[in-house]
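Visitor: My questions will all concern the structure given below.
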Amino acid sequence: MNNGEVIEELRKIVGDKYVSDQPEIQFLYHYDFITAEPEGKCDFVIMPEKAIEVQEIVKIANKYRIPVVPWVSGINFGSIATPRKGGMVVDLRRMNRVIEVNEDDMYVIVEGGITWADLKGYLDLNHPNFRAGITFSPPGTGVVPSCLCYGMFDLGMLGGTGAEFTNGLEVVLPTGELIRTGSCSLTGYWYGRQPLPDLTGLFIGWEGNTGIVTKAAIKLWPRLPYRKDFLPFAITMEEGVPMMLKLSKTGLGIVDLVMINMGWAQSLQGFDEKSVAKDPVALGLPDFLGLITTQAYTEEQHKAQCDAIKTICREHNVEPLTAERQLANFPEQMRGVIGHIFPATGGENPIQFWGCWNFSRGGGGEWIGCYNSTRNIVKYYNLSREICLKYGKAPQYYCRIMFGGHYCVTRTNVNFNKNDQEDIEKTRVILKEIHDAVQKLDGVIMYKPPKWIVQYYKEKTLPTTRELIGKIKKFLDPNNIMNPGQGIGDD
Amino acid sequence: MINITKEEKIKYIEGKGISLITTVPDKLELERNKGLEYYKDILYQCGKCGTCRTAYQEKGWSRICPSGEFGNFEAYYLGGKNLLSWGLNSERLKWTHNLAEIFYSCTMCLACMQQCQIPEIHHYAGEWLMAMREEAVQEGFGPMPEQIKYTEHIMEQHNPYMEEHKNRTNWITSNIHQIQDAKLAYFVGCTASYREKTIAIATAELLNSLQVDFRILKDEFCCGSPMYMTGQTEKARKIAETNITNLKNEGIEKIITSCAGCYRTLKETYPMKFGIEHEIEIIHLPEFLLQKEEKGELEFKNSVEMKITYHDPCHIGRHMGLYEAPREILKKIPGIILKEMDRNRHNAWCCGSGGGVRSAFKELSNFAGNERIQEAKKTNADAIVSSCPFCLNQFKSNIENNEIKSYDLAELVRKAL
């Protein structure tokens, strides 16, 4: 293969301006610039505008057996959009339009490259009574990849993960055909995946191994007039978790149920290294911070829900202070950061980087983030906490109870200085130790996993299931061009 | 129930919740106007998260970066430029013409850094964007050919417009009254002297009308901004030294300028970058007018019936923090109705002419200008008004079929006096 030939063919599809093999352009696609995972290599990058262009690109990739990496913002904590075997990055950010909003069935059809900023901006302006969930990630990150990789939103208790928010997809298969999944495959409506064979699952959780999603329908939710965010604290995780589990099984209009430890709270507040308490528990600081968001249609309903939430908190010896009241005590320069989360303080926005991660003095971060049984919340925390402290890192823990309390997400962050090779190496060791430790708890499965963890799961997966995964991948992507070196489908 | 009040920096108060005191420094205190090496430990903090691409305001999210929106690839946004700078500094990349072009395909409007929440990037990104241009020049990859051409002309004829210096003051009409030994100079700037003469005339006339003793220097030269902004620091410094010598020799103690670029350069770049402590008071026209108004010395006699929208010039806005003075003046003109564009003040979309872009990257420049004109039209304003001759010139060049009018603030004030 001659790169020049390929570039020429690609230019015919999208125009000169949207293909590049310049080292300076490629540089930004080699790395994800966050994690401790090794860098990759992008040979060239192309920015299509339409699904038909994506089809043509994929056909060329097959012709020359060139790896294809679908890409929107390229940042995630598993480096899963980092090209591992060279080839072309298909940067989808020109495909960032909202195609349709159906207020009756409450969904929005978007293109595959739309960002949270694009979507939120559009909905706020044109459909203010509806909202999509908001992710705890920056506004420039992609909506569709988040859904396809089981990202979660601030409506997790209501509807589960982004995957569960996904009604249907339009996908360019690895062989170039354009298909649709869900109700849109045989009607003009994109209201859901029922009652058909659920082909959407062929593209969710595969880390870009099975196709390029060019359109997706995402569930919308009504913006109810009454909402309250509680931000209660407890001394330990052991004290706070039972309260949250109880709340998860009560309804009470709870749309989001999150708990973090003081380490993550410090991260959210953007402390510099000097001011971070490595072990807040040793200082006697509260180590459990809960976030309970409830919403209602009428004032009476709202009051009853809030009263019930307060009662449950107090039954667990926790004072149910509201976020509004808590944040009023924060220094002014920090309110904005935390305030991103809560409408009471002007938020309900994608969280800008400063607010979602403490990059203040090092720029690096990676997590062991897993879907999990709610039985493991405290155990997971204690295991990872101990390991972080052993290596002199402040433990940063986050847990979200999902979909009416049916399961949860647990994750431990490790921050590091990405200009310090020793710190990067140490971080890799910590991540591996946390991973190995939490895997001893049954029910722990990492999402957005880097390759070394994917390999672990492949070995652990039931052999007949693993074989089926292999067959599906081979059937869909006979030339193994889709994001090779990443994901469950890769050899 | 928990009951904690301990640890000096973090307090929990019963019944009030957490109270965090003095734990987060706003930013590391860094020096400005340094070379790339000085900022090397900040650059890699960027995670390329994309926050620099969009602005959040009450009306929602909007795109903010002309360079990125036109160039599309990651490299053209601030995140990309941060990491390219880091790549260069850590020897992962080398200087090439492509790299230089990426850094020069930017109007230096600095809307991007307003968005970033990492304090050091929020406060200092403009410093390394400039440092990269300086380094490009030092390494022989900058400035761009068109910028070299205008630089040569500036060195010979003291303006970047390929005009003769002897014609610089041709705009002065017979009715304009100057005081030959005035300590106050009206620094006209190249654009108003050669291209947007109505601004120069209006400014001089309104100064006359306000009975301000002023003069226009016979040997007013380019302020040096076109060179400084394209990384040609040493050439710009020489011009600055010449200008200050001339001004001092003329006994000038105060300068009024109607040009945003000149204002920024004389007031900020000369002392802060070049170390020329000239002690001459520099004031932008709207600031001066507001002072006059506050003293009761500015009285609008005529009504100017017009719906307008105000475009914030980057050089007085984001670069110097002057957002309200022009608005205050405009709102005081009888008949004027000021309507804001969605992106305004620190989130204003750049007109596309600054940073050497208009000369070297015409397509990018027009793209940015047209986007701003369309945004202005959405307000249903009759005219887009700015306080910078370069912005006005850009709008005039891009407005088609008289779809919206464009004025400088000085012109409207003049009409109202």
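FYI, nothing fancy with the structure tokens labels: chains A, B, ... in order, residues from 1 per chain, ligands from 1 as they appear.
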Running DSSP on the backbone, which parts of region 41-125 of chain A land in strand (DSSP E or B), as a list in words?
Guide: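 The strand (DSSP E or B) subset of region 41-125 of chain A is Phe44, Val45, Ile46, Val68, Val69, Pro70, Trp71, Met88, Val89, Val90, Asp91, Val98, Ile99, Glu100, Val101, Asn102, Tyr107, Val108, Ile109, Val110, Glu111 and Thr115 of chain A.
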Visitor: Write to file, as a CSV table (one decimal), in the first residue's frame, the residues of the selection just made, with N, CA and C atoms.
Guide:
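Here's the written file selection-v5.csv:
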```csv
chain,number,residue,atom,x,y,z
A,44,PHE,N,-3.1,8.6,9.2
A,44,PHE,CA,-3.8,9.7,8.7
A,44,PHE,C,-5.2,9.9,9.3
A,45,VAL,N,-5.7,11.0,9.1
A,45,VAL,CA,-7.0,11.3,9.7
A,45,VAL,C,-7.9,11.9,8.6
A,46,ILE,N,-9.2,11.5,8.7
A,46,ILE,CA,-10.2,12.0,7.7
A,46,ILE,C,-11.4,12.4,8.5
A,68,VAL,N,-9.2,1.2,10.9
A,68,VAL,CA,-10.1,2.3,11.0
A,68,VAL,C,-10.5,2.6,12.5
A,69,VAL,N,-10.2,3.8,13.0
A,69,VAL,CA,-10.6,4.1,14.4
A,69,VAL,C,-11.6,5.2,14.4
A,70,PRO,N,-12.9,4.8,14.7
A,70,PRO,CA,-13.9,5.9,14.9
A,70,PRO,C,-13.5,6.8,16.1
A,71,TRP,N,-13.8,8.1,15.9
A,71,TRP,CA,-13.2,9.0,16.9
A,71,TRP,C,-14.1,10.3,17.0
A,88,MET,N,-6.1,4.7,9.9
A,88,MET,CA,-6.8,6.0,9.8
A,88,MET,C,-7.7,6.2,10.9
A,89,VAL,N,-7.7,7.5,11.5
A,89,VAL,CA,-8.7,7.9,12.4
A,89,VAL,C,-9.8,8.6,11.6
A,90,VAL,N,-11.0,8.1,11.9
A,90,VAL,CA,-12.2,8.8,11.2
A,90,VAL,C,-12.8,9.7,12.3
A,91,ASP,N,-12.4,10.9,12.2
A,91,ASP,CA,-12.9,12.0,13.2
A,91,ASP,C,-14.2,12.4,12.7
A,98,VAL,N,-28.2,17.8,15.0
A,98,VAL,CA,-29.4,17.2,15.5
A,98,VAL,C,-30.3,17.0,14.3
A,99,ILE,N,-30.8,15.8,14.1
A,99,ILE,CA,-31.6,15.6,12.9
A,99,ILE,C,-33.1,15.8,13.2
A,100,GLU,N,-33.5,15.3,14.4
A,100,GLU,CA,-34.9,15.4,14.7
A,100,GLU,C,-35.1,15.3,16.2
A,101,VAL,N,-36.1,16.1,16.7
A,101,VAL,CA,-36.5,15.8,18.1
A,101,VAL,C,-38.0,15.4,18.0
A,102,ASN,N,-38.3,14.3,18.7
A,102,ASN,CA,-39.7,13.9,18.7
A,102,ASN,C,-40.2,14.0,20.2
A,107,TYR,N,-37.5,11.5,22.1
A,107,TYR,CA,-36.2,11.1,21.7
A,107,TYR,C,-35.6,12.1,20.8
A,108,VAL,N,-34.3,12.1,20.7
A,108,VAL,CA,-33.6,13.0,19.7
A,108,VAL,C,-32.7,12.1,18.8
A,109,ILE,N,-32.8,12.4,17.5
A,109,ILE,CA,-31.9,11.7,16.6
A,109,ILE,C,-30.7,12.6,16.3
A,110,VAL,N,-29.5,12.1,16.6
A,110,VAL,CA,-28.3,12.9,16.4
A,110,VAL,C,-27.4,12.2,15.5
A,111,GLU,N,-26.4,13.0,14.9
A,111,GLU,CA,-25.4,12.3,14.2
A,111,GLU,C,-24.3,11.8,15.1
A,115,THR,N,-21.4,16.5,20.1
A,115,THR,CA,-20.8,16.6,21.4
A,115,THR,C,-21.9,17.0,22.4
```
Visitor: Could you give me, as a list of chain:residue names, the residues within 9 Å of Val188 (chain B), counting only C-alpha atoms and dropping anything in the same chain fewer than 6 positions from it?
Guide: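 Surrounding residues, per the criterion: B:Ile199, B:Ala200, B:Thr203, B:Ile216, B:Glu220, B:Ile256, B:Thr257, B:Ser258, B:Cys259, B:Cys262.
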Visitor: Deliver the residues from the most recent selection as a file, using N, CA and C atoms, as a PDB file, in the first residue's frame.
Guide:
```pdb
ATOM      1  N   ILE B 199     -13.483  57.146  10.409  1.00  0.00           N
ATOM      2  CA  ILE B 199     -13.268  57.036  11.860  1.00  0.00           C
ATOM      3  C   ILE B 199     -12.338  58.156  12.324  1.00  0.00           C
ATOM      4  N   ALA B 200     -11.271  58.350  11.574  1.00  0.00           N
ATOM      5  CA  ALA B 200     -10.305  59.394  11.939  1.00  0.00           C
ATOM      6  C   ALA B 200     -10.990  60.764  11.916  1.00  0.00           C
ATOM      7  N   THR B 203     -13.489  61.079  14.791  1.00  0.00           N
ATOM      8  CA  THR B 203     -12.813  61.213  16.086  1.00  0.00           C
ATOM      9  C   THR B 203     -12.254  62.628  16.247  1.00  0.00           C
ATOM     10  N   ILE B 216      -2.355  65.817  15.910  1.00  0.00           N
ATOM     11  CA  ILE B 216      -2.021  64.555  15.247  1.00  0.00           C
ATOM     12  C   ILE B 216      -0.561  64.671  14.820  1.00  0.00           C
ATOM     13  N   GLU B 220       3.538  60.175  12.819  1.00  0.00           N
ATOM     14  CA  GLU B 220       2.963  58.999  13.474  1.00  0.00           C
ATOM     15  C   GLU B 220       3.298  57.777  12.623  1.00  0.00           C
ATOM     16  N   ILE B 256      -4.939  59.661  22.968  1.00  0.00           N
ATOM     17  CA  ILE B 256      -6.256  59.051  22.735  1.00  0.00           C
ATOM     18  C   ILE B 256      -6.133  58.289  21.436  1.00  0.00           C
ATOM     19  N   THR B 257      -6.627  57.074  21.434  1.00  0.00           N
ATOM     20  CA  THR B 257      -6.634  56.353  20.166  1.00  0.00           C
ATOM     21  C   THR B 257      -8.008  55.744  19.922  1.00  0.00           C
ATOM     22  N   SER B 258      -8.384  55.695  18.667  1.00  0.00           N
ATOM     23  CA  SER B 258      -9.656  55.064  18.299  1.00  0.00           C
ATOM     24  C   SER B 258      -9.415  53.654  17.784  1.00  0.00           C
ATOM     25  N   CYS B 259      -8.169  53.207  17.859  1.00  0.00           N
ATOM     26  CA  CYS B 259      -7.824  51.894  17.326  1.00  0.00           C
ATOM     27  C   CYS B 259      -7.567  50.919  18.478  1.00  0.00           C
ATOM     28  N   CYS B 262      -3.840  49.543  18.340  1.00  0.00           N
ATOM     29  CA  CYS B 262      -2.861  50.531  18.816  1.00  0.00           C
ATOM     30  C   CYS B 262      -2.950  50.672  20.325  1.00  0.00           C
TER      31      CYS B 262
END
```
Visitor: I want to know what sits within 12 Å of Glu268 (chain B), based on only C-alpha atoms, with residues of the same chain fewer than 6 positions away left out; could you give that as a PyMOL selection string?
Guide: chain B and resi 32-33+223+225+228+240+260-262+274-283+315-316+319-321
Visitor: Residues near Thr54 (chain B), anyone? I mean within 6 Å using only C-alpha atoms, not counting same-chain ones fewer than 3 positions away, as JSON, numbers by chain.
Guide: {"B": [62, 63, 64]}
Visitor: Hey, which of A:Lys215, A:Lys448, A:Lys249, A:Lys458 ends up closest to Val171 (chain A)? Count only C-alpha atoms.
Guide: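 The closest residue to Val171 (chain A) is A:Lys215.
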Visitor: List every residue of region 395-431 of chain A that DSSP, applied to the backbone, labels as alpha helix (DSSP H), and write the result as an MDAnalysis selection string.
Guide: chainID A and resid 421:431
Visitor: Would you output that residue set with C-alpha atoms, as a compact mmCIF listing (two decimals), in the first residue's frame?
Guide:
```
# COMPACT_ATOMS: atom_id res chain seq x y z
CA GLN A 421 7.65 8.95 33.71
CA GLU A 422 8.17 7.61 37.22
CA ASP A 423 4.72 8.75 38.27
CA ILE A 424 3.21 7.24 35.12
CA GLU A 425 4.87 3.89 35.89
CA LYS A 426 3.68 4.06 39.48
CA THR A 427 0.16 4.80 38.30
CA ARG A 428 0.21 1.75 36.06
CA VAL A 429 1.21 -0.40 39.02
CA ILE A 430 -1.54 1.08 41.18
CA LEU A 431 -4.18 0.56 38.50
```
Visitor: Smallest atom-to-atom distance to chain B: which of A:Phe416, A:Tyr371, A:Tyr64, A:Tyr191, using only C-alpha atoms?
Guide: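 Nearest to chain B: A:Phe416.
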Visitor: Would you kindly return, as a PDB file with N, CA and C atoms, in the first residue's frame, each protein, DNA or RNA residue with an atom no farther than 7 Å from any atom of region 485-491 of chain A, considering only C-alpha atoms and excluding same-chain residues fewer than 2 positions away?
Guide:
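Below is the file that was written, result-v9.pdb:
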```
ATOM      1  N   ILE A  80      -9.444   4.025  24.580  1.00  0.00           N
ATOM      2  CA  ILE A  80      -9.966   3.086  23.585  1.00  0.00           C
ATOM      3  C   ILE A  80     -10.085   3.694  22.183  1.00  0.00           C
ATOM      4  N   ARG A  84      -4.126   1.608  17.884  1.00  0.00           N
ATOM      5  CA  ARG A  84      -3.111   0.666  18.379  1.00  0.00           C
ATOM      6  C   ARG A  84      -2.317   0.014  17.250  1.00  0.00           C
ATOM      7  N   LYS A  85      -2.912  -0.017  16.078  1.00  0.00           N
ATOM      8  CA  LYS A  85      -2.208  -0.668  14.978  1.00  0.00           C
ATOM      9  C   LYS A  85      -2.099   0.247  13.759  1.00  0.00           C
ATOM     10  N   TRP A 206     -18.667  -2.710  22.246  1.00  0.00           N
ATOM     11  CA  TRP A 206     -17.671  -3.329  21.368  1.00  0.00           C
ATOM     12  C   TRP A 206     -16.482  -2.402  21.113  1.00  0.00           C
ATOM     13  N   GLU A 207     -16.498  -1.232  21.663  1.00  0.00           N
ATOM     14  CA  GLU A 207     -15.390  -0.263  21.532  1.00  0.00           C
ATOM     15  C   GLU A 207     -15.001  -0.016  20.078  1.00  0.00           C
ATOM     16  N   ASN A 209     -15.413  -1.912  17.457  1.00  0.00           N
ATOM     17  CA  ASN A 209     -14.943  -3.102  16.730  1.00  0.00           C
ATOM     18  C   ASN A 209     -15.882  -3.542  15.609  1.00  0.00           C
ATOM     19  N   LYS A 451      -6.750  -2.148  26.800  1.00  0.00           N
ATOM     20  CA  LYS A 451      -6.538  -3.459  26.191  1.00  0.00           C
ATOM     21  C   LYS A 451      -6.133  -4.526  27.198  1.00  0.00           C
ATOM     22  N   VAL A 454      -9.163  -5.803  28.805  1.00  0.00           N
ATOM     23  CA  VAL A 454      -9.989  -6.571  27.853  1.00  0.00           C
ATOM     24  C   VAL A 454      -9.473  -8.005  27.785  1.00  0.00           C
ATOM     25  N   LYS A 458     -11.456 -11.454  28.403  1.00  0.00           N
ATOM     26  CA  LYS A 458     -11.613 -12.478  27.361  1.00  0.00           C
ATOM     27  C   LYS A 458     -11.271 -13.855  27.913  1.00  0.00           C
ATOM     28  N   ILE A 469     -18.658 -14.328  20.450  1.00  0.00           N
ATOM     29  CA  ILE A 469     -18.155 -12.957  20.235  1.00  0.00           C
ATOM     30  C   ILE A 469     -17.191 -12.963  19.045  1.00  0.00           C
ATOM     31  N   GLY A 470     -16.310 -13.956  19.030  1.00  0.00           N
ATOM     32  CA  GLY A 470     -15.339 -14.067  17.937  1.00  0.00           C
ATOM     33  C   GLY A 470     -16.014 -14.257  16.586  1.00  0.00           C
ATOM     34  N   LYS A 473     -17.704 -11.001  15.465  1.00  0.00           N
ATOM     35  CA  LYS A 473     -16.691 -10.037  14.997  1.00  0.00           C
ATOM     36  C   LYS A 473     -16.215 -10.429  13.591  1.00  0.00           C
ATOM     37  N   ASN A 483     -10.900  -0.708  14.552  1.00  0.00           N
ATOM     38  CA  ASN A 483     -10.222  -0.425  15.820  1.00  0.00           C
ATOM     39  C   ASN A 483      -9.422  -1.629  16.326  1.00  0.00           C
TER      40      ASN A 483
END
```
